[in-house]
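query_24.cif (mmCIF, N, CA and C atoms)
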```cif
data_my_file
#
loop_
_atom_site.group_PDB
_atom_site.id
_atom_site.type_symbol
_atom_site.label_atom_id
_atom_site.label_comp_id
_atom_site.auth_asym_id
_atom_site.auth_seq_id
_atom_site.Cartn_x
_atom_site.Cartn_y
_atom_site.Cartn_z
ATOM 1 N N MET A 1 0.690 26.827 -0.123
ATOM 2 C CA MET A 1 0.741 25.402 0.125
ATOM 3 C C MET A 1 2.093 25.048 0.724
ATOM 4 N N ASP A 2 2.079 24.174 1.673
ATOM 5 C CA ASP A 2 3.271 23.782 2.412
ATOM 6 C C ASP A 2 4.200 22.916 1.554
ATOM 7 N N SER A 3 5.442 23.335 1.454
ATOM 8 C CA SER A 3 6.441 22.619 0.668
ATOM 9 C C SER A 3 6.698 21.211 1.212
ATOM 10 N N ALA A 4 6.677 21.055 2.520
ATOM 11 C CA ALA A 4 6.901 19.739 3.129
ATOM 12 C C ALA A 4 5.781 18.766 2.741
ATOM 13 N N TRP A 5 4.542 19.267 2.723
ATOM 14 C CA TRP A 5 3.409 18.432 2.317
ATOM 15 C C TRP A 5 3.563 17.997 0.855
ATOM 16 N N LEU A 6 3.931 18.944 -0.006
ATOM 17 C CA LEU A 6 4.138 18.626 -1.423
ATOM 18 C C LEU A 6 5.217 17.564 -1.591
ATOM 19 N N ASP A 7 6.315 17.718 -0.873
ATOM 20 C CA ASP A 7 7.403 16.736 -0.949
ATOM 21 C C ASP A 7 6.939 15.365 -0.470
ATOM 22 N N GLU A 8 6.229 15.344 0.661
ATOM 23 C CA GLU A 8 5.769 14.081 1.246
ATOM 24 C C GLU A 8 4.831 13.329 0.297
ATOM 25 N N TYR A 9 3.815 14.004 -0.211
ATOM 26 C CA TYR A 9 2.840 13.314 -1.054
ATOM 27 C C TYR A 9 3.366 13.047 -2.456
ATOM 28 N N SER A 10 4.308 13.848 -2.920
ATOM 29 C CA SER A 10 4.964 13.545 -4.184
ATOM 30 C C SER A 10 5.700 12.204 -4.075
ATOM 31 N N GLU A 11 6.403 12.013 -2.962
ATOM 32 C CA GLU A 11 7.129 10.753 -2.743
ATOM 33 C C GLU A 11 6.172 9.577 -2.561
ATOM 34 N N LYS A 12 5.073 9.795 -1.855
ATOM 35 C CA LYS A 12 4.099 8.719 -1.658
ATOM 36 C C LYS A 12 3.472 8.307 -2.985
ATOM 37 N N LEU A 13 3.128 9.293 -3.807
ATOM 38 C CA LEU A 13 2.519 8.980 -5.096
ATOM 39 C C LEU A 13 3.519 8.289 -6.026
ATOM 40 N N LYS A 14 4.790 8.663 -5.942
ATOM 41 C CA LYS A 14 5.815 7.964 -6.724
ATOM 42 C C LYS A 14 5.903 6.504 -6.300
ATOM 43 N N ALA A 15 5.839 6.258 -4.997
ATOM 44 C CA ALA A 15 5.904 4.882 -4.496
ATOM 45 C C ALA A 15 4.736 4.058 -5.020
ATOM 46 N N LEU A 16 3.579 4.681 -5.161
ATOM 47 C CA LEU A 16 2.398 3.980 -5.683
ATOM 48 C C LEU A 16 2.454 3.813 -7.196
ATOM 49 N N GLY A 17 3.432 4.425 -7.852
ATOM 50 C CA GLY A 17 3.553 4.365 -9.301
ATOM 51 C C GLY A 17 3.987 3.016 -9.838
ATOM 52 N N HIS A 18 4.385 2.105 -8.985
ATOM 53 C CA HIS A 18 4.769 0.764 -9.432
ATOM 54 C C HIS A 18 3.542 -0.147 -9.316
ATOM 55 N N PRO A 19 3.209 -0.890 -10.373
ATOM 56 C CA PRO A 19 1.993 -1.713 -10.353
ATOM 57 C C PRO A 19 1.913 -2.702 -9.184
ATOM 58 N N ILE A 20 3.026 -3.293 -8.809
ATOM 59 C CA ILE A 20 2.998 -4.250 -7.693
ATOM 60 C C ILE A 20 2.699 -3.532 -6.395
ATOM 61 N N ARG A 21 3.331 -2.384 -6.173
ATOM 62 C CA ARG A 21 3.078 -1.642 -4.926
ATOM 63 C C ARG A 21 1.652 -1.131 -4.878
ATOM 64 N N LEU A 22 1.132 -0.684 -6.003
ATOM 65 C CA LEU A 22 -0.256 -0.232 -6.052
ATOM 66 C C LEU A 22 -1.193 -1.397 -5.717
ATOM 67 N N LYS A 23 -0.918 -2.561 -6.265
ATOM 68 C CA LYS A 23 -1.742 -3.738 -5.989
ATOM 69 C C LYS A 23 -1.654 -4.138 -4.513
ATOM 70 N N ILE A 24 -0.467 -4.048 -3.925
ATOM 71 C CA ILE A 24 -0.299 -4.359 -2.500
ATOM 72 C C ILE A 24 -1.172 -3.439 -1.659
ATOM 73 N N VAL A 25 -1.096 -2.138 -1.926
ATOM 74 C CA VAL A 25 -1.856 -1.170 -1.124
ATOM 75 C C VAL A 25 -3.355 -1.373 -1.322
ATOM 76 N N LEU A 26 -3.792 -1.576 -2.553
ATOM 77 C CA LEU A 26 -5.215 -1.822 -2.791
ATOM 78 C C LEU A 26 -5.685 -3.066 -2.035
ATOM 79 N N GLY A 27 -4.886 -4.115 -2.053
ATOM 80 C CA GLY A 27 -5.246 -5.336 -1.329
ATOM 81 C C GLY A 27 -5.282 -5.128 0.170
ATOM 82 N N LEU A 28 -4.314 -4.385 0.691
ATOM 83 C CA LEU A 28 -4.251 -4.157 2.137
ATOM 84 C C LEU A 28 -5.322 -3.188 2.624
ATOM 85 N N MET A 29 -5.943 -2.456 1.714
ATOM 86 C CA MET A 29 -7.055 -1.590 2.112
ATOM 87 C C MET A 29 -8.243 -2.438 2.567
ATOM 88 N N HIS A 30 -8.311 -3.672 2.083
ATOM 89 C CA HIS A 30 -9.424 -4.565 2.410
ATOM 90 C C HIS A 30 -9.104 -5.500 3.574
ATOM 91 N N ASN A 31 -7.860 -5.950 3.648
ATOM 92 C CA ASN A 31 -7.451 -6.902 4.690
ATOM 93 C C ASN A 31 -5.996 -6.679 5.045
ATOM 94 N N GLU A 32 -5.685 -6.695 6.332
ATOM 95 C CA GLU A 32 -4.269 -6.687 6.662
ATOM 96 C C GLU A 32 -3.749 -8.101 6.467
ATOM 97 N N CYS A 33 -2.489 -8.205 6.073
ATOM 98 C CA CYS A 33 -1.912 -9.509 5.725
ATOM 99 C C CYS A 33 -0.463 -9.589 6.152
ATOM 100 N N ASN A 34 0.019 -10.832 6.243
ATOM 101 C CA ASN A 34 1.446 -11.028 6.457
ATOM 102 C C ASN A 34 2.135 -11.210 5.106
ATOM 103 N N VAL A 35 3.453 -11.240 5.114
ATOM 104 C CA VAL A 35 4.232 -11.311 3.882
ATOM 105 C C VAL A 35 3.894 -12.570 3.081
ATOM 106 N N THR A 36 3.734 -13.688 3.751
ATOM 107 C CA THR A 36 3.448 -14.947 3.059
ATOM 108 C C THR A 36 2.152 -14.857 2.259
ATOM 109 N N LYS A 37 1.111 -14.322 2.867
ATOM 110 C CA LYS A 37 -0.171 -14.188 2.161
ATOM 111 C C LYS A 37 -0.048 -13.218 0.983
ATOM 112 N N ILE A 38 0.711 -12.158 1.174
ATOM 113 C CA ILE A 38 0.895 -11.184 0.095
ATOM 114 C C ILE A 38 1.650 -11.845 -1.063
ATOM 115 N N CYS A 39 2.719 -12.587 -0.746
ATOM 116 C CA CYS A 39 3.494 -13.302 -1.785
ATOM 117 C C CYS A 39 2.610 -14.272 -2.550
ATOM 118 N N ASP A 40 1.820 -15.038 -1.819
ATOM 119 C CA ASP A 40 0.932 -16.012 -2.451
ATOM 120 C C ASP A 40 -0.077 -15.329 -3.369
ATOM 121 N N GLY A 41 -0.641 -14.214 -2.912
ATOM 122 C CA GLY A 41 -1.624 -13.499 -3.714
ATOM 123 C C GLY A 41 -1.034 -12.885 -4.966
ATOM 124 N N LEU A 42 0.186 -12.372 -4.867
ATOM 125 C CA LEU A 42 0.826 -11.718 -6.009
ATOM 126 C C LEU A 42 1.620 -12.697 -6.871
ATOM 127 N N LYS A 43 1.911 -13.861 -6.314
ATOM 128 C CA LYS A 43 2.711 -14.876 -7.008
ATOM 129 C C LYS A 43 4.101 -14.334 -7.366
ATOM 130 N N ILE A 44 4.716 -13.673 -6.371
ATOM 131 C CA ILE A 44 6.085 -13.179 -6.529
ATOM 132 C C ILE A 44 6.903 -13.645 -5.325
ATOM 133 N N PRO A 45 8.228 -13.699 -5.470
ATOM 134 C CA PRO A 45 9.081 -14.181 -4.379
ATOM 135 C C PRO A 45 9.001 -13.303 -3.126
ATOM 136 N N GLN A 46 9.302 -13.924 -2.004
ATOM 137 C CA GLN A 46 9.254 -13.233 -0.717
ATOM 138 C C GLN A 46 10.216 -12.053 -0.682
ATOM 139 N N ALA A 47 11.399 -12.202 -1.258
ATOM 140 C CA ALA A 47 12.384 -11.117 -1.238
ATOM 141 C C ALA A 47 11.866 -9.895 -1.997
ATOM 142 N N THR A 48 11.236 -10.131 -3.136
ATOM 143 C CA THR A 48 10.674 -9.031 -3.929
ATOM 144 C C THR A 48 9.540 -8.351 -3.174
ATOM 145 N N THR A 49 8.680 -9.161 -2.578
ATOM 146 C CA THR A 49 7.564 -8.622 -1.797
ATOM 147 C C THR A 49 8.087 -7.773 -0.650
ATOM 148 N N SER A 50 9.076 -8.268 0.053
ATOM 149 C CA SER A 50 9.650 -7.535 1.189
ATOM 150 C C SER A 50 10.234 -6.194 0.760
ATOM 151 N N GLN A 51 10.860 -6.155 -0.412
ATOM 152 C CA GLN A 51 11.423 -4.891 -0.911
ATOM 153 C C GLN A 51 10.307 -3.877 -1.165
ATOM 154 N N HIS A 52 9.230 -4.325 -1.787
ATOM 155 C CA HIS A 52 8.107 -3.423 -2.055
ATOM 156 C C HIS A 52 7.459 -2.949 -0.750
ATOM 157 N N LEU A 53 7.292 -3.857 0.198
ATOM 158 C CA LEU A 53 6.708 -3.489 1.489
ATOM 159 C C LEU A 53 7.586 -2.474 2.213
ATOM 160 N N ALA A 54 8.897 -2.658 2.132
ATOM 161 C CA ALA A 54 9.825 -1.733 2.802
ATOM 162 C C ALA A 54 9.703 -0.325 2.217
ATOM 163 N N ILE A 55 9.567 -0.216 0.911
ATOM 164 C CA ILE A 55 9.410 1.097 0.267
ATOM 165 C C ILE A 55 8.119 1.758 0.748
ATOM 166 N N LEU A 56 7.034 0.992 0.742
ATOM 167 C CA LEU A 56 5.735 1.546 1.160
ATOM 168 C C LEU A 56 5.737 1.927 2.637
ATOM 169 N N LYS A 57 6.402 1.138 3.446
ATOM 170 C CA LYS A 57 6.484 1.442 4.882
ATOM 171 C C LYS A 57 7.361 2.676 5.108
ATOM 172 N N ASN A 58 8.466 2.753 4.381
ATOM 173 C CA ASN A 58 9.385 3.883 4.501
ATOM 174 C C ASN A 58 8.720 5.202 4.126
ATOM 175 N N LYS A 59 7.785 5.168 3.188
ATOM 176 C CA LYS A 59 7.080 6.379 2.755
ATOM 177 C C LYS A 59 5.895 6.710 3.656
ATOM 178 N N GLY A 60 5.633 5.863 4.660
ATOM 179 C CA GLY A 60 4.552 6.144 5.604
ATOM 180 C C GLY A 60 3.184 5.713 5.109
ATOM 181 N N ILE A 61 3.158 4.915 4.047
ATOM 182 C CA ILE A 61 1.877 4.449 3.511
ATOM 183 C C ILE A 61 1.386 3.236 4.294
ATOM 184 N N LEU A 62 2.295 2.346 4.638
ATOM 185 C CA LEU A 62 1.952 1.142 5.400
ATOM 186 C C LEU A 62 2.578 1.189 6.775
ATOM 187 N N GLU A 63 2.023 0.368 7.659
ATOM 188 C CA GLU A 63 2.645 0.116 8.951
ATOM 189 C C GLU A 63 2.585 -1.380 9.188
ATOM 190 N N SER A 64 3.499 -1.851 10.023
ATOM 191 C CA SER A 64 3.509 -3.269 10.352
ATOM 192 C C SER A 64 3.159 -3.438 11.822
ATOM 193 N N VAL A 65 2.462 -4.535 12.090
ATOM 194 C CA VAL A 65 2.046 -4.848 13.453
ATOM 195 C C VAL A 65 2.454 -6.284 13.735
ATOM 196 N N ARG A 66 3.181 -6.480 14.803
ATOM 197 C CA ARG A 66 3.622 -7.821 15.161
ATOM 198 C C ARG A 66 2.532 -8.523 15.956
ATOM 199 N N ASP A 67 2.249 -9.762 15.560
ATOM 200 C CA ASP A 67 1.288 -10.612 16.267
ATOM 201 C C ASP A 67 1.991 -11.932 16.544
ATOM 202 N N GLY A 68 2.639 -12.007 17.694
ATOM 203 C CA GLY A 68 3.463 -13.184 17.999
ATOM 204 C C GLY A 68 4.683 -13.182 17.100
ATOM 205 N N THR A 69 4.819 -14.233 16.295
ATOM 206 C CA THR A 69 5.956 -14.307 15.377
ATOM 207 C C THR A 69 5.606 -13.793 13.984
ATOM 208 N N THR A 70 4.363 -13.408 13.779
ATOM 209 C CA THR A 70 3.901 -12.945 12.473
ATOM 210 C C THR A 70 3.844 -11.419 12.441
ATOM 211 N N VAL A 71 4.285 -10.861 11.322
ATOM 212 C CA VAL A 71 4.194 -9.417 11.116
ATOM 213 C C VAL A 71 3.124 -9.181 10.055
ATOM 214 N N CYS A 72 2.109 -8.420 10.425
ATOM 215 C CA CYS A 72 1.035 -8.093 9.494
ATOM 216 C C CYS A 72 1.184 -6.642 9.037
ATOM 217 N N TYR A 73 0.808 -6.402 7.805
ATOM 218 C CA TYR A 73 0.879 -5.059 7.231
ATOM 219 C C TYR A 73 -0.518 -4.528 7.000
ATOM 220 N N ARG A 74 -0.652 -3.209 7.150
ATOM 221 C CA ARG A 74 -1.923 -2.541 6.871
ATOM 222 C C ARG A 74 -1.637 -1.120 6.405
ATOM 223 N N VAL A 75 -2.626 -0.543 5.723
ATOM 224 C CA VAL A 75 -2.473 0.817 5.213
ATOM 225 C C VAL A 75 -2.639 1.789 6.375
ATOM 226 N N LYS A 76 -1.659 2.634 6.544
ATOM 227 C CA LYS A 76 -1.623 3.598 7.649
ATOM 228 C C LYS A 76 -2.176 4.962 7.228
ATOM 229 N N ASP A 77 -1.922 5.354 5.993
ATOM 230 C CA ASP A 77 -2.243 6.703 5.527
ATOM 231 C C ASP A 77 -3.685 6.771 5.018
ATOM 232 N N GLU A 78 -4.539 7.417 5.779
ATOM 233 C CA GLU A 78 -5.956 7.533 5.419
ATOM 234 C C GLU A 78 -6.160 8.341 4.136
ATOM 235 N N ALA A 79 -5.312 9.330 3.895
ATOM 236 C CA ALA A 79 -5.433 10.133 2.669
ATOM 237 C C ALA A 79 -5.164 9.273 1.441
ATOM 238 N N ILE A 80 -4.182 8.400 1.518
ATOM 239 C CA ILE A 80 -3.883 7.497 0.404
ATOM 240 C C ILE A 80 -5.055 6.548 0.177
ATOM 241 N N LYS A 81 -5.656 6.041 1.247
ATOM 242 C CA LYS A 81 -6.840 5.184 1.103
ATOM 243 C C LYS A 81 -7.945 5.917 0.352
ATOM 244 N N GLU A 82 -8.179 7.164 0.736
ATOM 245 C CA GLU A 82 -9.250 7.935 0.108
ATOM 246 C C GLU A 82 -8.930 8.231 -1.355
ATOM 247 N N ILE A 83 -7.692 8.558 -1.651
ATOM 248 C CA ILE A 83 -7.288 8.804 -3.038
ATOM 249 C C ILE A 83 -7.550 7.561 -3.878
ATOM 250 N N LEU A 84 -7.162 6.396 -3.372
ATOM 251 C CA LEU A 84 -7.345 5.167 -4.136
ATOM 252 C C LEU A 84 -8.817 4.776 -4.246
ATOM 253 N N ARG A 85 -9.603 5.003 -3.197
ATOM 254 C CA ARG A 85 -11.049 4.756 -3.285
ATOM 255 C C ARG A 85 -11.664 5.611 -4.399
ATOM 256 N N ARG A 86 -11.296 6.884 -4.411
ATOM 257 C CA ARG A 86 -11.823 7.808 -5.426
ATOM 258 C C ARG A 86 -11.345 7.419 -6.822
ATOM 259 N N LEU A 87 -10.102 6.996 -6.935
ATOM 260 C CA LEU A 87 -9.568 6.575 -8.226
ATOM 261 C C LEU A 87 -10.355 5.381 -8.769
ATOM 262 N N LEU A 88 -10.615 4.410 -7.905
ATOM 263 C CA LEU A 88 -11.420 3.258 -8.328
ATOM 264 C C LEU A 88 -12.821 3.701 -8.735
ATOM 265 N N GLU A 89 -13.369 4.631 -7.969
ATOM 266 C CA GLU A 89 -14.724 5.113 -8.239
ATOM 267 C C GLU A 89 -14.807 5.856 -9.577
ATOM 268 N N VAL A 90 -13.921 6.812 -9.792
ATOM 269 C CA VAL A 90 -14.015 7.617 -11.014
ATOM 270 C C VAL A 90 -13.614 6.838 -12.261
ATOM 271 N N THR A 91 -12.852 5.767 -12.096
ATOM 272 C CA THR A 91 -12.495 4.939 -13.252
ATOM 273 C C THR A 91 -13.437 3.746 -13.386
ATOM 274 N N ASN A 92 -14.442 3.710 -12.498
ATOM 275 C CA ASN A 92 -15.427 2.627 -12.509
ATOM 276 C C ASN A 92 -14.750 1.259 -12.513
ATOM 277 N N THR A 93 -13.795 1.103 -11.584
ATOM 278 C CA THR A 93 -12.981 -0.096 -11.501
ATOM 279 C C THR A 93 -13.290 -0.845 -10.215
ATOM 280 N N LYS A 94 -13.435 -2.131 -10.329
ATOM 281 C CA LYS A 94 -13.610 -2.988 -9.153
ATOM 282 C C LYS A 94 -12.281 -3.679 -8.885
ATOM 283 N N PHE A 95 -11.842 -3.635 -7.645
ATOM 284 C CA PHE A 95 -10.592 -4.315 -7.287
ATOM 285 C C PHE A 95 -10.931 -5.465 -6.361
ATOM 286 N N GLU A 96 -10.500 -6.640 -6.740
ATOM 287 C CA GLU A 96 -10.683 -7.811 -5.891
ATOM 288 C C GLU A 96 -9.316 -8.411 -5.607
ATOM 289 N N CYS A 97 -9.086 -8.720 -4.334
ATOM 290 C CA CYS A 97 -7.804 -9.322 -3.990
ATOM 291 C C CYS A 97 -7.955 -10.795 -3.726
#
```

Since I need it in another form, could you write the structure as structure tokens?
Amino acid sequence: MDSAWLDEYSEKLKALGHPIRLKIVLGLMHNECNVTKICDGLKIPQATTSQHLAILKNKGILESVRDGTTVCYRVKDEAIKEILRRLLEVTNTKFEC
């Protein structure tokens, strides 16, 4: 097994270990959103949301797309999407954002 792959996914899984970041990624799997919508949905300050988004983007889990003056975020890593889909499935959990 490739050491670089182990390092990469170990870091990605650590980033998902925070409940807010996990909730952000689960929500973005359904809809891409801008920071304001994410803040409103999570009911946390914009600065806190931005810090969590930066961590997820830095780990390659999310990407941002500029649409005029708005920056929208979406899940970039298909493997992470599949892991979370399977996690919801095997735990018989419904996630609604």

Residues matched by the PyMOL selection byres (((chain A and resi 7-13 and name CA) around 9) and name CA) as a ChimeraX atom specification: /A:2-6,14-17,56,59-61,80

If you run DSSP over the backbone, which residues in chain A end up strand (DSSP E)? Put them as a count of residues only. 14

Here's the selection I'm unsure about, the PyMOL selection byres ((chain A and resi 63) around 5); applied to the file above, which residues does it give, as a PyMOL selection string? chain A and resi 61-62+64-65+73-74+76

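Atom to atom, CA of Ile83 (chain A) and CA of Pro19 (chain A) stand 15.8 Å apart.
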
Select from chain A everything DSSP, run on the backbone, classes as alpha helix (DSSP H), then give the selection as a PyMOL selection string. chain A and resi 3-15+19-30+35-42+46-58+78-90

Using atom N of Gly27 (chain A) and atom C of Asn58 (chain A) as the two end points, give the distance in Å to one decimal. 17.6 Å

Give as a short mmCIF file (atom, residue, chain, number, x, y, z; two decimals) with N, CA and C atoms, in the coordinates of the input each residue that has an atom at most 7 Å from (-5.5, -6.8, 10.9) in the file, counting only C-alpha atoms.
```cif
data_model
loop_
_atom_site.label_atom_id
_atom_site.label_comp_id
_atom_site.auth_asym_id
_atom_site.auth_seq_id
_atom_site.Cartn_x
_atom_site.Cartn_y
_atom_site.Cartn_z
N ASN A 31 -7.86 -5.95 3.65
CA ASN A 31 -7.45 -6.90 4.69
C ASN A 31 -6.00 -6.68 5.04
N GLU A 32 -5.68 -6.70 6.33
CA GLU A 32 -4.27 -6.69 6.66
C GLU A 32 -3.75 -8.10 6.47
N CYS A 33 -2.49 -8.20 6.07
CA CYS A 33 -1.91 -9.51 5.72
C CYS A 33 -0.46 -9.59 6.15
N CYS A 72 2.11 -8.42 10.42
CA CYS A 72 1.03 -8.09 9.49
C CYS A 72 1.18 -6.64 9.04
N ARG A 74 -0.65 -3.21 7.15
CA ARG A 74 -1.92 -2.54 6.87
C ARG A 74 -1.64 -1.12 6.40
#
```

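In this model, the gap between CA of Ser50 (chain A) and CA of Asp67 (chain A) comes to 17.5 Å.
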
For region 33-43 of chain A, where the input has fewer atoms than it should, I would like all heavy atoms rebuilt and written as an mmCIF file, in the coordinates of the input.
```
data_model
loop_
_atom_site.group_PDB
_atom_site.id
_atom_site.type_symbol
_atom_site.label_atom_id
_atom_site.label_comp_id
_atom_site.auth_asym_id
_atom_site.auth_seq_id
_atom_site.Cartn_x
_atom_site.Cartn_y
_atom_site.Cartn_z
ATOM 1 N N CYS A 33 -2.489 -8.205 6.073
ATOM 2 C CA CYS A 33 -1.912 -9.509 5.725
ATOM 3 C C CYS A 33 -0.463 -9.589 6.152
ATOM 4 O O CYS A 33 0.207 -8.569 6.295
ATOM 5 C CB CYS A 33 -1.910 -9.702 4.210
ATOM 6 S SG CYS A 33 -3.416 -10.204 3.460
ATOM 7 N N ASN A 34 0.019 -10.832 6.243
ATOM 8 C CA ASN A 34 1.446 -11.028 6.457
ATOM 9 C C ASN A 34 2.135 -11.210 5.106
ATOM 10 O O ASN A 34 1.472 -11.331 4.065
ATOM 11 C CB ASN A 34 1.707 -12.211 7.396
ATOM 12 C CG ASN A 34 1.211 -13.520 6.841
ATOM 13 O OD1 ASN A 34 1.286 -13.781 5.646
ATOM 14 N ND2 ASN A 34 0.708 -14.376 7.708
ATOM 15 N N VAL A 35 3.453 -11.240 5.114
ATOM 16 C CA VAL A 35 4.232 -11.311 3.882
ATOM 17 C C VAL A 35 3.894 -12.570 3.081
ATOM 18 O O VAL A 35 3.755 -12.513 1.857
ATOM 19 C CB VAL A 35 5.747 -11.248 4.182
ATOM 20 C CG1 VAL A 35 6.561 -11.432 2.914
ATOM 21 C CG2 VAL A 35 6.106 -9.940 4.852
ATOM 22 N N THR A 36 3.734 -13.688 3.751
ATOM 23 C CA THR A 36 3.448 -14.947 3.059
ATOM 24 C C THR A 36 2.152 -14.857 2.259
ATOM 25 O O THR A 36 2.102 -15.254 1.092
ATOM 26 C CB THR A 36 3.366 -16.116 4.063
ATOM 27 O OG1 THR A 36 4.601 -16.177 4.786
ATOM 28 C CG2 THR A 36 3.137 -17.431 3.361
ATOM 29 N N LYS A 37 1.111 -14.322 2.867
ATOM 30 C CA LYS A 37 -0.171 -14.188 2.161
ATOM 31 C C LYS A 37 -0.048 -13.218 0.983
ATOM 32 O O LYS A 37 -0.636 -13.442 -0.072
ATOM 33 C CB LYS A 37 -1.266 -13.713 3.109
ATOM 34 C CG LYS A 37 -1.729 -14.762 4.086
ATOM 35 C CD LYS A 37 -2.839 -14.218 4.958
ATOM 36 C CE LYS A 37 -3.276 -15.231 6.000
ATOM 37 N NZ LYS A 37 -4.320 -14.693 6.875
ATOM 38 N N ILE A 38 0.711 -12.158 1.174
ATOM 39 C CA ILE A 38 0.895 -11.184 0.095
ATOM 40 C C ILE A 38 1.650 -11.845 -1.063
ATOM 41 O O ILE A 38 1.256 -11.704 -2.222
ATOM 42 C CB ILE A 38 1.617 -9.921 0.607
ATOM 43 C CG1 ILE A 38 0.740 -9.193 1.639
ATOM 44 C CG2 ILE A 38 1.971 -8.989 -0.553
ATOM 45 C CD1 ILE A 38 1.446 -8.089 2.401
ATOM 46 N N CYS A 39 2.719 -12.587 -0.746
ATOM 47 C CA CYS A 39 3.494 -13.302 -1.785
ATOM 48 C C CYS A 39 2.610 -14.272 -2.550
ATOM 49 O O CYS A 39 2.665 -14.338 -3.783
ATOM 50 C CB CYS A 39 4.634 -14.107 -1.163
ATOM 51 S SG CYS A 39 5.937 -13.144 -0.450
ATOM 52 N N ASP A 40 1.820 -15.038 -1.819
ATOM 53 C CA ASP A 40 0.932 -16.012 -2.451
ATOM 54 C C ASP A 40 -0.077 -15.329 -3.369
ATOM 55 O O ASP A 40 -0.337 -15.799 -4.473
ATOM 56 C CB ASP A 40 0.194 -16.844 -1.396
ATOM 57 C CG ASP A 40 1.118 -17.767 -0.616
ATOM 58 O OD1 ASP A 40 2.275 -17.957 -1.046
ATOM 59 O OD2 ASP A 40 0.681 -18.282 0.428
ATOM 60 N N GLY A 41 -0.641 -14.214 -2.912
ATOM 61 C CA GLY A 41 -1.624 -13.499 -3.714
ATOM 62 C C GLY A 41 -1.034 -12.885 -4.966
ATOM 63 O O GLY A 41 -1.665 -12.875 -6.026
ATOM 64 N N LEU A 42 0.186 -12.372 -4.867
ATOM 65 C CA LEU A 42 0.826 -11.718 -6.009
ATOM 66 C C LEU A 42 1.620 -12.697 -6.871
ATOM 67 O O LEU A 42 2.006 -12.356 -7.987
ATOM 68 C CB LEU A 42 1.772 -10.614 -5.515
ATOM 69 C CG LEU A 42 1.128 -9.440 -4.805
ATOM 70 C CD1 LEU A 42 2.202 -8.527 -4.234
ATOM 71 C CD2 LEU A 42 0.228 -8.674 -5.748
ATOM 72 N N LYS A 43 1.911 -13.861 -6.314
ATOM 73 C CA LYS A 43 2.711 -14.876 -7.008
ATOM 74 C C LYS A 43 4.101 -14.334 -7.366
ATOM 75 O O LYS A 43 4.580 -14.488 -8.497
ATOM 76 C CB LYS A 43 1.993 -15.375 -8.251
ATOM 77 C CG LYS A 43 0.567 -15.796 -7.981
ATOM 78 C CD LYS A 43 0.227 -17.124 -8.537
ATOM 79 C CE LYS A 43 -1.202 -17.545 -8.356
ATOM 80 N NZ LYS A 43 -1.868 -17.330 -7.128
#
```
